[in-house]
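K.L.:
Structure: target.txt, compact mmCIF, C-alpha atoms and all ligand atoms.
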# COMPACT_ATOMS: atom_id res chain seq x y z
CA MET K 97 17.24 -15.10 13.87
CA ALA K 98 15.37 -17.39 11.56
CA GLU K 99 15.99 -20.36 13.77
CA GLU K 100 13.44 -22.57 12.06
CA SER K 101 14.30 -21.98 8.44
CA GLN K 102 16.24 -19.73 6.14
CA LYS K 103 13.20 -19.37 3.95
CA TRP K 104 11.24 -16.57 5.57
CA VAL K 105 10.72 -13.20 3.94
CA LEU K 106 9.48 -10.17 5.86
CA MET K 107 8.23 -7.11 4.00
CA VAL K 108 6.72 -3.64 4.29
CA THR K 109 5.07 -1.54 1.57
CA ALA K 110 4.73 2.23 1.79
CA GLN K 111 3.42 5.04 -0.34
CA THR K 112 5.00 8.50 -0.31
CA PRO K 113 4.01 11.73 -2.09
CA THR K 114 6.05 14.14 -4.18
CA ASN K 115 6.30 17.79 -3.27
CA ILE K 116 6.66 21.10 -5.07
CA ALA K 117 8.71 23.88 -3.52
CA VAL K 118 7.14 27.33 -3.31
CA ILE K 119 10.32 28.74 -1.75
CA LYS K 120 13.11 26.91 -3.56
CA TYR K 121 16.08 24.93 -2.36
CA TRP K 122 18.98 25.68 -4.69
CA GLY K 123 22.59 25.33 -3.56
CA LYS K 124 24.41 23.16 -1.02
CA ARG K 125 26.86 24.18 1.66
CA ASP K 126 27.90 20.51 2.02
CA GLU K 127 27.68 18.20 -1.01
CA THR K 128 28.04 14.85 0.79
CA LEU K 129 25.69 15.56 3.67
CA ILE K 130 23.32 17.48 1.35
CA LEU K 131 23.06 20.58 3.49
CA PRO K 132 21.36 23.54 1.80
CA VAL K 133 22.30 27.23 1.74
CA ASN K 134 18.77 28.29 2.67
CA ASP K 135 15.48 27.06 4.15
CA SER K 136 12.76 26.02 1.70
CA ILE K 137 8.99 25.49 1.83
CA SER K 138 6.90 23.06 -0.20
CA VAL K 139 3.38 21.83 -0.79
CA THR K 140 2.90 18.07 -0.76
CA LEU K 141 0.94 16.81 -3.78
CA ASP K 142 -1.92 14.33 -3.46
CA PRO K 143 -0.41 10.81 -3.68
CA GLU K 144 -3.53 9.62 -5.45
CA HIS K 145 -2.17 11.39 -8.52
CA LEU K 146 1.59 11.52 -7.95
CA CYS K 147 3.39 9.15 -5.62
CA THR K 148 5.97 6.45 -5.20
CA THR K 149 5.10 3.01 -3.84
CA THR K 150 7.99 1.03 -2.39
CA THR K 151 8.14 -2.51 -1.02
CA VAL K 152 11.17 -3.37 1.09
CA SER K 153 11.87 -6.91 2.21
CA VAL K 154 14.42 -8.81 4.21
CA SER K 155 15.36 -12.48 4.21
CA PRO K 156 18.38 -14.54 5.26
CA ALA K 157 18.16 -16.00 1.75
CA PHE K 158 19.11 -12.68 0.10
CA ASP K 159 22.83 -12.60 -0.72
CA GLN K 160 23.04 -8.88 -1.48
CA ASP K 161 21.04 -5.63 -1.33
CA ARG K 162 19.09 -5.24 -4.58
CA MET K 163 16.66 -2.69 -5.99
CA TRP K 164 14.19 -2.52 -8.88
CA LEU K 165 12.73 0.79 -10.11
CA ASN K 166 9.59 0.55 -12.24
CA GLY K 167 10.38 -3.12 -12.81
CA LYS K 168 14.02 -2.66 -13.91
CA GLU K 169 16.94 -3.56 -11.66
CA ILE K 170 19.11 -0.57 -10.77
CA SER K 171 22.43 -0.29 -8.97
CA LEU K 172 22.49 0.53 -5.26
CA SER K 173 26.21 1.31 -5.31
CA GLY K 174 25.74 5.10 -5.45
CA GLY K 175 26.81 7.10 -2.41
CA ARG K 176 23.33 8.46 -1.81
CA PHE K 177 21.65 5.03 -1.63
CA GLN K 178 24.48 3.79 0.55
CA SER K 179 24.11 6.74 2.97
CA CYS K 180 20.37 6.11 3.36
CA LEU K 181 20.83 2.35 3.85
CA ARG K 182 23.65 2.84 6.36
CA GLU K 183 21.80 5.48 8.36
CA ILE K 184 18.61 3.41 8.60
CA ARG K 185 20.48 0.17 9.43
CA SER K 186 22.27 1.88 12.29
CA ARG K 187 18.88 2.79 13.78
CA ALA K 188 17.31 -0.67 13.37
CA THR K 189 15.95 -2.33 16.52
CA ASP K 190 14.63 -5.78 17.46
CA VAL K 191 11.77 -7.08 15.35
CA HIS K 192 9.49 -9.89 16.47
CA ASP K 193 6.85 -11.11 14.03
CA LYS K 194 4.86 -13.51 16.21
CA GLU K 195 2.57 -14.63 13.40
CA LYS K 196 5.44 -15.74 11.21
CA GLY K 197 7.64 -16.74 14.15
CA ILE K 198 10.46 -14.45 13.03
CA LYS K 199 12.83 -12.78 15.46
CA ILE K 200 15.45 -10.33 14.22
CA THR K 201 17.74 -8.65 16.73
CA LYS K 202 19.36 -5.24 16.36
CA LYS K 203 22.68 -6.99 15.66
CA ASP K 204 21.19 -9.22 12.90
CA TRP K 205 20.32 -6.20 10.74
CA GLU K 206 24.03 -5.56 10.06
CA LYS K 207 24.28 -8.87 8.21
CA LEU K 208 20.87 -9.10 6.57
CA ASN K 209 20.34 -7.93 2.99
CA VAL K 210 17.28 -6.17 1.66
CA HIS K 211 15.33 -6.23 -1.59
CA ILE K 212 13.62 -2.99 -2.65
CA ALA K 213 11.09 -2.44 -5.42
CA SER K 214 9.83 1.02 -6.22
CA TYR K 215 7.17 2.25 -8.63
CA ASN K 216 6.10 5.78 -9.60
CA ASN K 217 2.44 6.28 -10.59
CA PHE K 218 3.58 9.03 -12.97
CA PRO K 219 6.14 9.06 -15.81
CA THR K 220 9.63 9.24 -14.27
CA ALA K 221 10.90 10.99 -17.38
CA ALA K 222 8.43 13.87 -17.00
CA GLY K 223 10.75 15.58 -14.49
CA LEU K 224 8.25 15.64 -11.66
CA ALA K 225 10.41 15.25 -8.56
CA SER K 226 10.49 11.47 -8.73
CA SER K 227 13.68 11.33 -6.67
CA ALA K 228 11.99 13.25 -3.85
CA ALA K 229 9.15 10.76 -3.48
CA GLY K 230 11.52 7.87 -4.19
CA PHE K 231 14.08 8.48 -1.45
CA ALA K 232 11.41 9.52 1.05
CA CYS K 233 9.58 6.25 0.41
CA LEU K 234 12.74 4.15 0.59
CA VAL K 235 13.69 5.61 3.97
CA PHE K 236 10.14 5.51 5.37
CA ALA K 237 9.57 1.87 4.31
CA LEU K 238 12.98 0.69 5.58
CA ALA K 239 12.38 2.46 8.91
CA LYS K 240 9.11 0.53 9.32
CA LEU K 241 10.69 -2.78 8.28
CA MET K 242 13.64 -2.34 10.65
CA ASN K 243 11.55 -0.93 13.48
CA ALA K 244 13.64 2.25 13.62
CA ASN K 245 11.86 4.36 16.21
CA GLU K 246 12.64 7.73 14.64
CA ASP K 247 9.95 10.36 14.17
CA HIS K 248 9.18 11.77 10.72
CA SER K 249 11.54 14.73 11.21
CA GLN K 250 14.44 12.44 12.06
CA LEU K 251 13.60 10.27 9.07
CA SER K 252 13.50 13.39 6.89
CA ALA K 253 17.16 14.05 7.77
CA ILE K 254 18.01 10.56 6.45
CA ALA K 255 15.91 10.99 3.28
CA ARG K 256 17.79 14.27 2.78
CA ARG K 257 20.96 12.20 2.26
CA GLY K 258 19.27 10.64 -0.78
CA SER K 259 18.08 13.88 -2.35
CA GLY K 260 17.62 17.22 -0.64
CA SER K 261 14.03 17.78 -1.69
CA ALA K 262 13.12 14.25 -0.50
CA CYS K 263 13.19 15.37 3.14
CA ARG K 264 10.07 17.46 2.51
CA SER K 265 8.10 14.39 1.33
CA LEU K 266 7.96 12.91 4.85
CA TYR K 267 4.95 15.11 5.64
CA GLY K 268 1.66 16.03 4.02
CA GLY K 269 0.35 19.55 3.56
CA PHE K 270 2.83 22.42 3.89
CA VAL K 271 6.39 21.61 4.86
CA LYS K 272 9.50 23.56 5.77
CA TRP K 273 13.02 22.20 5.36
CA ILE K 274 15.05 23.96 8.04
CA MET K 275 18.61 24.36 6.74
CA GLY K 276 20.11 23.96 10.22
CA LYS K 277 23.46 25.13 11.58
CA ASP K 278 25.19 21.94 12.64
CA GLU K 279 28.21 20.93 10.54
CA LYS K 280 27.10 17.29 10.70
CA GLY K 281 23.61 18.18 9.54
CA THR K 282 21.73 16.79 12.54
CA ASP K 283 19.44 19.85 12.57
CA SER K 284 18.84 20.02 8.80
CA LEU K 285 15.40 18.47 8.64
CA ALA K 286 11.78 18.93 7.63
CA VAL K 287 8.91 20.06 9.84
CA GLN K 288 5.23 20.27 9.00
CA LEU K 289 3.81 23.82 8.90
CA ALA K 290 0.19 22.75 8.36
CA ASP K 291 -1.51 19.55 7.26
CA GLU K 292 -3.30 19.01 3.95
CA LYS K 293 -6.71 19.90 5.39
CA HIS K 294 -5.55 23.33 6.50
CA TRP K 295 -5.92 24.91 3.03
CA ASP K 296 -7.93 22.41 1.01
CA GLU K 297 -9.44 24.96 -1.38
CA LEU K 298 -6.23 25.07 -3.39
CA VAL K 299 -6.18 23.23 -6.72
CA ILE K 300 -2.94 22.35 -8.46
CA VAL K 301 -2.60 21.96 -12.23
CA ILE K 302 0.67 20.70 -13.65
CA ALA K 303 1.45 21.33 -17.30
CA VAL K 304 3.95 18.73 -18.49
CA VAL K 305 5.71 20.68 -21.20
CA SER K 306 7.06 18.88 -24.27
CA SER K 307 10.80 19.15 -24.44
CA GLN K 308 13.54 17.34 -26.31
CA GLN K 309 16.21 19.22 -24.48
CA LYS K 310 18.47 17.29 -22.12
CA GLU K 311 18.31 19.20 -18.89
CA THR K 312 21.11 19.86 -16.44
CA SER K 313 20.44 17.76 -13.33
CA SER K 314 19.60 19.68 -10.14
CA THR K 315 22.73 18.31 -8.48
CA THR K 316 25.11 19.51 -11.22
CA GLY K 317 23.19 22.73 -11.79
CA MET K 318 23.26 23.82 -8.17
CA ARG K 319 26.95 22.91 -7.85
CA ASP K 320 27.75 25.26 -10.75
CA THR K 321 25.53 27.97 -9.25
CA VAL K 322 27.23 27.75 -5.85
CA GLU K 323 30.64 28.03 -7.53
CA THR K 324 29.84 30.94 -9.82
CA SER K 325 26.73 32.97 -8.89
CA LEU K 326 27.01 36.05 -6.69
CA LEU K 327 23.26 36.44 -6.95
CA LEU K 328 22.83 33.12 -5.12
CA GLN K 329 24.77 34.47 -2.13
CA HIS K 330 22.52 37.50 -1.98
CA ARG K 331 19.43 35.30 -2.37
CA ALA K 332 20.44 32.89 0.40
CA LYS K 333 21.56 35.55 2.89
CA GLU K 334 19.21 38.45 2.32
CA VAL K 335 16.16 37.36 0.34
CA VAL K 336 15.07 33.87 1.38
CA PRO K 337 15.11 34.31 5.21
CA LYS K 338 12.57 37.15 4.96
CA ARG K 339 10.53 35.32 2.34
CA ILE K 340 10.31 32.20 4.48
CA LEU K 341 8.76 34.18 7.32
CA LYS K 342 6.27 35.82 4.97
CA MET K 343 5.38 32.51 3.33
CA GLU K 344 4.76 30.90 6.72
CA GLU K 345 2.40 33.77 7.59
CA ALA K 346 0.62 33.52 4.22
CA ILE K 347 0.04 29.78 4.69
CA LYS K 348 -1.11 30.23 8.27
CA ASN K 349 -3.62 32.92 7.27
CA HIS K 350 -4.78 31.38 3.96
CA ASP K 351 -3.55 34.62 2.39
CA PHE K 352 -3.57 33.63 -1.28
CA ALA K 353 -2.46 37.03 -2.60
CA SER K 354 0.70 36.92 -0.53
CA PHE K 355 1.22 33.18 -1.13
CA ALA K 356 1.03 33.63 -4.91
CA GLN K 357 3.20 36.73 -4.99
CA LEU K 358 5.93 35.00 -2.94
CA ALA K 359 5.79 31.70 -4.86
CA CYS K 360 5.98 33.38 -8.29
CA THR K 361 8.75 35.78 -7.29
CA ASP K 362 10.76 32.98 -5.72
CA SER K 363 10.43 30.74 -8.77
CA ASN K 364 11.55 33.64 -10.95
CA GLN K 365 14.51 34.36 -8.71
CA PHE K 366 15.56 30.73 -8.75
CA HIS K 367 15.59 30.84 -12.58
CA ALA K 368 17.43 34.17 -12.46
CA VAL K 369 20.07 32.54 -10.29
CA CYS K 370 20.34 29.77 -12.90
CA LEU K 371 20.88 32.42 -15.56
CA ASP K 372 23.50 34.05 -13.33
CA THR K 373 25.41 30.74 -13.27
CA CYS K 374 28.48 30.25 -15.44
CA PRO K 375 27.77 28.65 -17.90
CA PRO K 376 24.13 29.80 -17.66
CA ILE K 377 21.43 27.19 -17.10
CA PHE K 378 18.10 27.47 -18.96
CA TYR K 379 15.38 25.33 -17.48
CA MET K 380 12.30 27.12 -18.80
CA ASN K 381 11.42 27.26 -22.49
CA ASP K 382 9.05 29.31 -24.68
CA THR K 383 6.02 27.35 -23.47
CA SER K 384 6.99 28.00 -19.83
CA HIS K 385 7.33 31.70 -20.60
CA ARG K 386 3.94 31.76 -22.35
CA ILE K 387 2.31 30.22 -19.29
CA ILE K 388 3.95 32.80 -16.99
CA SER K 389 2.75 35.61 -19.22
CA LEU K 390 -0.81 34.27 -19.29
CA VAL K 391 -0.96 34.01 -15.50
CA GLU K 392 0.68 37.40 -14.92
CA LYS K 393 -1.79 39.16 -17.25
CA TRP K 394 -4.75 37.37 -15.71
CA ASN K 395 -3.66 38.15 -12.15
CA ARG K 396 -3.12 41.81 -13.03
CA ALA K 397 -6.49 42.14 -14.77
CA ALA K 398 -8.26 40.48 -11.84
CA GLY K 399 -6.71 42.99 -9.45
CA THR K 400 -5.63 40.20 -7.08
CA PRO K 401 -3.75 36.95 -7.77
CA GLN K 402 -5.93 34.07 -8.98
CA VAL K 403 -3.16 31.59 -9.75
CA ALA K 404 0.45 31.09 -8.62
CA TYR K 405 3.08 29.49 -10.84
CA THR K 406 6.31 27.76 -9.96
CA PHE K 407 8.91 25.94 -12.08
CA ASP K 408 11.59 23.48 -10.91
CA ALA K 409 14.66 22.35 -12.82
CA GLY K 410 12.76 21.87 -16.08
CA PRO K 411 10.12 23.53 -18.29
CA ASN K 412 7.01 22.04 -16.54
CA ALA K 413 4.66 24.55 -14.94
CA VAL K 414 3.07 23.89 -11.56
CA LEU K 415 0.05 26.17 -11.23
CA ILE K 416 -1.75 26.66 -7.94
CA ALA K 417 -5.27 28.06 -8.21
CA ARG K 418 -6.94 29.78 -5.26
CA ASN K 419 -10.07 27.59 -5.52
CA ARG K 420 -11.98 25.22 -7.80
CA GLU K 421 -13.74 27.99 -9.67
CA THR K 422 -10.46 29.61 -10.60
CA ALA K 423 -9.01 26.21 -11.45
CA ALA K 424 -11.84 25.57 -13.94
CA LEU K 425 -11.11 28.92 -15.60
CA LEU K 426 -7.41 28.13 -15.60
CA VAL K 427 -7.99 24.79 -17.30
CA GLN K 428 -10.13 26.48 -19.96
CA LYS K 429 -7.43 29.06 -20.69
CA LEU K 430 -4.67 26.46 -20.77
CA LEU K 431 -6.59 24.10 -23.04
CA PHE K 432 -7.32 26.99 -25.40
CA CYS K 433 -3.65 28.00 -25.65
CA PHE K 434 -2.17 24.48 -25.61
CA PRO K 435 -4.64 22.09 -27.23
CA PRO K 436 -3.60 18.48 -27.77
CA LYS K 437 -2.36 17.13 -31.10
CA SER K 438 -5.24 15.91 -33.23
CA ASP K 439 -4.53 12.21 -32.56
CA ALA K 440 -4.71 12.61 -28.76
CA ASP K 441 -7.55 11.49 -26.53
CA LEU K 442 -8.89 13.65 -23.74
CA ASN K 443 -8.53 10.90 -21.14
CA SER K 444 -4.76 10.79 -21.53
CA PHE K 445 -4.37 14.54 -22.06
CA VAL K 446 -5.85 15.55 -18.70
CA LEU K 447 -4.82 13.21 -15.88
CA GLY K 448 -5.47 13.15 -12.13
CA ASP K 449 -8.63 14.76 -10.79
CA LYS K 450 -10.66 14.85 -14.00
CA SER K 451 -13.67 16.41 -12.26
CA ILE K 452 -12.06 19.82 -12.97
CA LEU K 453 -12.74 19.16 -16.66
CA LYS K 454 -16.43 18.92 -15.93
CA ASP K 455 -16.32 22.21 -14.04
CA ALA K 456 -14.55 23.71 -17.05
CA GLY K 457 -17.34 22.43 -19.33
CA VAL K 458 -14.94 20.30 -21.35
CA ASP K 459 -16.18 16.79 -22.06
CA SER K 460 -14.60 16.09 -25.45
CA LEU K 461 -11.79 17.13 -27.78
CA GLU K 462 -14.34 19.09 -29.82
CA ALA K 463 -15.21 21.10 -26.71
CA ILE K 464 -11.54 22.16 -26.48
CA GLU K 465 -11.69 23.45 -30.05
CA SER K 466 -14.67 25.66 -29.32
CA LEU K 467 -13.41 27.19 -26.06
CA PRO K 468 -13.48 31.00 -25.94
CA ALA K 469 -10.13 32.77 -26.44
CA PRO K 470 -8.77 34.06 -23.12
CA PRO K 471 -8.56 37.87 -23.08
CA GLU K 472 -4.89 37.60 -22.00
CA ILE K 473 -3.89 36.26 -25.42
CA LYS K 474 -2.60 38.73 -28.01
CA ASP K 475 -3.28 36.63 -31.07
CA PRO K 476 -6.13 34.15 -30.54
CA SER K 477 -5.59 32.65 -33.99
CA GLN K 478 -2.31 31.21 -32.74
CA ARG K 479 -2.81 28.12 -30.60
CA HIS K 480 0.27 26.20 -29.51
CA ARG K 481 -0.94 22.74 -30.34
CA GLY K 482 1.08 19.92 -28.78
CA ASP K 483 3.39 22.21 -26.76
CA VAL K 484 2.00 20.73 -23.54
CA SER K 485 2.18 16.91 -23.53
CA TYR K 486 -0.48 16.54 -20.85
CA PHE K 487 -1.94 18.13 -17.72
CA ILE K 488 -2.27 16.65 -14.24
CA CYS K 489 -4.95 18.09 -11.93
CA THR K 490 -4.29 17.54 -8.25
CA ARG K 491 -4.38 19.16 -4.80
CA PRO K 492 -2.37 19.35 -1.57
CA GLY K 493 -2.09 15.83 -0.16
CA ARG K 494 -1.15 13.62 2.76
CA GLY K 495 2.23 12.31 3.89
CA PRO K 496 3.64 8.74 3.77
CA VAL K 497 1.50 5.75 4.71
CA VAL K 498 2.06 2.02 5.09
CA LEU K 499 -0.06 -0.09 2.72
CA SER K 500 -1.40 -3.34 4.12
CA ASP K 501 -3.20 -4.65 1.05
CA GLU K 502 -1.00 -7.45 -0.31
CA SER K 503 -2.20 -6.84 -3.86
CA GLN K 504 -0.28 -3.53 -3.74
CA PHE K 505 3.00 -5.17 -2.73
CA LEU K 506 5.65 -4.98 -5.43
CA LEU K 507 7.62 -8.01 -4.26
CA ASN K 508 6.44 -11.60 -4.09
CA PRO K 509 5.84 -12.39 -0.38
CA GLU K 510 7.39 -15.86 -0.78
CA THR K 511 10.48 -15.11 -2.88
CA GLY K 512 11.10 -11.39 -2.24
CA LEU K 513 11.56 -10.93 -5.99
CA PRO K 514 9.54 -8.53 -8.18
CA LYS K 515 6.04 -9.81 -8.92
C1 LIG N 1 14.60 23.07 -8.21
O1 LIG N 1 16.53 17.75 -4.36
O2 LIG N 1 16.67 17.21 -6.82
O3 LIG N 1 13.42 21.20 -7.36
O4 LIG N 1 19.64 17.46 -3.39
O5 LIG N 1 21.04 17.36 -5.43
O6 LIG N 1 19.22 15.69 -5.10
P1 LIG N 1 19.71 17.10 -4.84
O7 LIG N 1 18.69 18.07 -5.62
P2 LIG N 1 17.11 18.05 -5.69
O8 LIG N 1 16.86 19.60 -6.05
C2 LIG N 1 15.61 20.16 -6.12
C3 LIG N 1 15.69 21.53 -6.65
C4 LIG N 1 14.37 22.17 -7.02
C5 LIG N 1 13.87 23.06 -5.89
C6 LIG N 1 13.24 22.39 -4.70
O9 LIG N 1 12.67 21.30 -4.81
O10 LIG N 1 13.29 23.02 -3.62
Go ahead and express the file in the form of structure tokens.
Ligand code: DP6
P.N.:
Amino acid sequence: MAEESQKWVLMVTAQTPTNIAVIKYWGKRDETLILPVNDSISVTLDPEHLCTTTTVSVSPAFDQDRMWLNGKEISLSGGRFQSCLREIRSRATDVHDKEKGIKITKKDWEKLNVHIASYNNFPTAAGLASSAAGFACLVFALAKLMNANEDHSQLSAIARRGSGSACRSLYGGFVKWIMGKDEKGTDSLAVQLADEKHWDELVIVIAVVSSQQKETSSTTGMRDTVETSLLLQHRAKEVVPKRILKMEEAIKNHDFASFAQLACTDSNQFHAVCLDTCPPIFYMNDTSHRIISLVEKWNRAAGTPQVAYTFDAGPNAVLIARNRETAALLVQKLLFCFPPKSDADLNSFVLGDKSILKDAGVDSLEAIESLPAPPEIKDPSQRHRGDVSYFICTRPGRGPVVLSDESQFLLNPETGLPK
């Protein structure tokens, strides 16, 4: 290794998407190995709008493993980071970079330290599954750096050790996390059901709901649920297995009515299970409930579902519209009910794919003020100004990729320190 000098630095940069579950993972049968009590299914979100970029580097000059998240150094001492690092290191193989004249053998990897820098292109504090994209990206990038010849499913089982939902971010499109049976968790991994092109009509609108409330973390919340909720046992044994089969069929057949019905019901049951926990956990707030009511009324009036909603461990709504036309209508209705505070600007109130705004006929803040009242609203004089911090318009997206453009690297290629 590094015969010529101790100065070399080798690095890999990757980009990995986040995902939103439409059949939820909630509850572990093994806390350390992160093994779930049921299968789950998710949609991968377009990394153009929501993703993590991670640069991993190795050099004989590094005296310890270090990591920076959004520019700030964070500790790698946690069990979950350590599991991921250990699992990937044990699968490292020989690396020969002819251009740089670097040879690293399988044995060398045990002694070499890594530097990791990670960056989310969306606010980490917004509660948008940043740990899912983060751990998936860490594992994917390290696997490339260390020439670990595992396929994406095998890598998903390692990302799972970082955060359960992370295993589903190793693929684009529609993904199933199979809970598995093995005590050691070797068969608890993600598989792709369909790629992002399979159902590309779908449009996803995320409402980032303003909230001062400190939420219970998923990890703590699901631990309490497993210990106290009888409803969870019923859900995991009786409800989810049947729903998974139906959801797979709905995705395969582009059956939006069934897809929406299953996604909404499953989100609601997940929140019911939270309520059935002792002490009860409240993730949704009044704004979340208002959004549910709007969508439910609209879907009923239309005679067939137009939009599906799903909520994770927080008040943010993830809304999936059947096509662009419906998405434009959805955006109009949402902007009517939840207009921005008067000092906002449209450009930072609607993020992501802004072309939906054009379809919705909204090109200015004034246009929001003169939108027609949706028929679903009881009292159109009451608009909940400022209750949604901002919206993100996106779509189903691709899985992890390696980035080769040096300008996107987060570590300095010479020093291996943050740029
Ligand atoms: C509600 O994956 O964040 O988003 O495995 O403890 O890290 P840990 O939990 P995490 O839980 C996600 C829960 C959820 C549902 C889902 O994504 O399936």
K.L.:
Enclose the full set of atoms of ligand LIG 1 (chain N) listed in the file within a box whose edges lie along x, y and z, apply 8 Å of padding to each of the six sides, and report centre and edge lengths in Å to one decimal as lines of an AutoDock Vina configuration file.
P.N.:
center_x = 16.9
center_y = 19.4
center_z = -5.8
size_x = 24.4
size_y = 23.4
size_z = 20.8
K.L.:
If I take CA of Gln402 (chain K) and CA of Leu266 (chain K), how far is one from the other in Å, to one decimal?
P.N.:
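About the pair CA of Gln402 (chain K) and CA of Leu266 (chain K): they are 28.8 Å apart.
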K.L.:
Using all atoms listed in the file, what are the residues with an atom within 8 Å of ligand LIG 1 (chain N), set out as a PyMOL selection string?
P.N.:
chain K and resi 115-122+124+130+136-138+225+227-228+256-262+313-316+318+366+407-409
K.L.:
Suppose we keep C-alpha atoms; can you now write the selection as a compact mmCIF listing (two decimals), in the coordinates of the input?
P.N.:
# COMPACT_ATOMS: atom_id res chain seq x y z
CA ASN K 115 6.30 17.79 -3.27
CA ILE K 116 6.66 21.10 -5.07
CA ALA K 117 8.71 23.88 -3.52
CA VAL K 118 7.14 27.33 -3.31
CA ILE K 119 10.32 28.74 -1.75
CA LYS K 120 13.11 26.91 -3.56
CA TYR K 121 16.08 24.93 -2.36
CA TRP K 122 18.98 25.68 -4.69
CA LYS K 124 24.41 23.16 -1.02
CA ILE K 130 23.32 17.48 1.35
CA SER K 136 12.76 26.02 1.70
CA ILE K 137 8.99 25.49 1.83
CA SER K 138 6.90 23.06 -0.20
CA ALA K 225 10.41 15.25 -8.56
CA SER K 227 13.68 11.33 -6.67
CA ALA K 228 11.99 13.25 -3.85
CA ARG K 256 17.79 14.27 2.78
CA ARG K 257 20.96 12.20 2.26
CA GLY K 258 19.27 10.64 -0.78
CA SER K 259 18.08 13.88 -2.35
CA GLY K 260 17.62 17.22 -0.64
CA SER K 261 14.03 17.78 -1.69
CA ALA K 262 13.12 14.25 -0.50
CA SER K 313 20.44 17.76 -13.33
CA SER K 314 19.60 19.68 -10.14
CA THR K 315 22.73 18.31 -8.48
CA THR K 316 25.11 19.51 -11.22
CA MET K 318 23.26 23.82 -8.17
CA PHE K 366 15.56 30.73 -8.75
CA PHE K 407 8.91 25.94 -12.08
CA ASP K 408 11.59 23.48 -10.91
CA ALA K 409 14.66 22.35 -12.82
K.L.:
Which is closer to Ala229 (chain K) than all the others in K:Cys147, K:Ile302, K:Ala290, K:Ala253, using all atoms listed in the file?
P.N.:
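The shortest atom-to-atom distance to Ala229 (chain K) comes from K:Cys147.
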K.L.:
Do you have the CA of Lys280 (chain K)-CA of Ser226 (chain K) distance handy?
P.N.:
26.2 Å
K.L.:
Taking into account only C-alpha atoms, which residue in the set K:Val133, K:Ile212, K:Ala469, K:Ile254 is nearest to Ser186 (chain K)?
P.N.:
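Distance minimum relative to Ser186 (chain K) lands on K:Ile254.
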K.L.:
For Val403 (chain K), which residue among K:Glu465, K:Leu453, K:Ala353, K:Asp142 is the nearest when counting all atoms listed in the file?
P.N.:
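Ranking K:Glu465, K:Leu453, K:Ala353, K:Asp142 by distance to Val403 (chain K), first place goes to K:Ala353.
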K.L.:
Using all atoms listed in the file, can you tell me which of K:Gln329, K:Thr282, K:Gln309, K:Thr150 comes closest to Leu129 (chain K)?
P.N.:
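So, comparing all the options, the nearest one is K:Thr282.
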K.L.:
Report, in Å with one decimal, the straight-line distance from CA of Asp441 (chain K) to CA of Leu426 (chain K).
P.N.:
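Those two atoms sit 19.9 Å apart.
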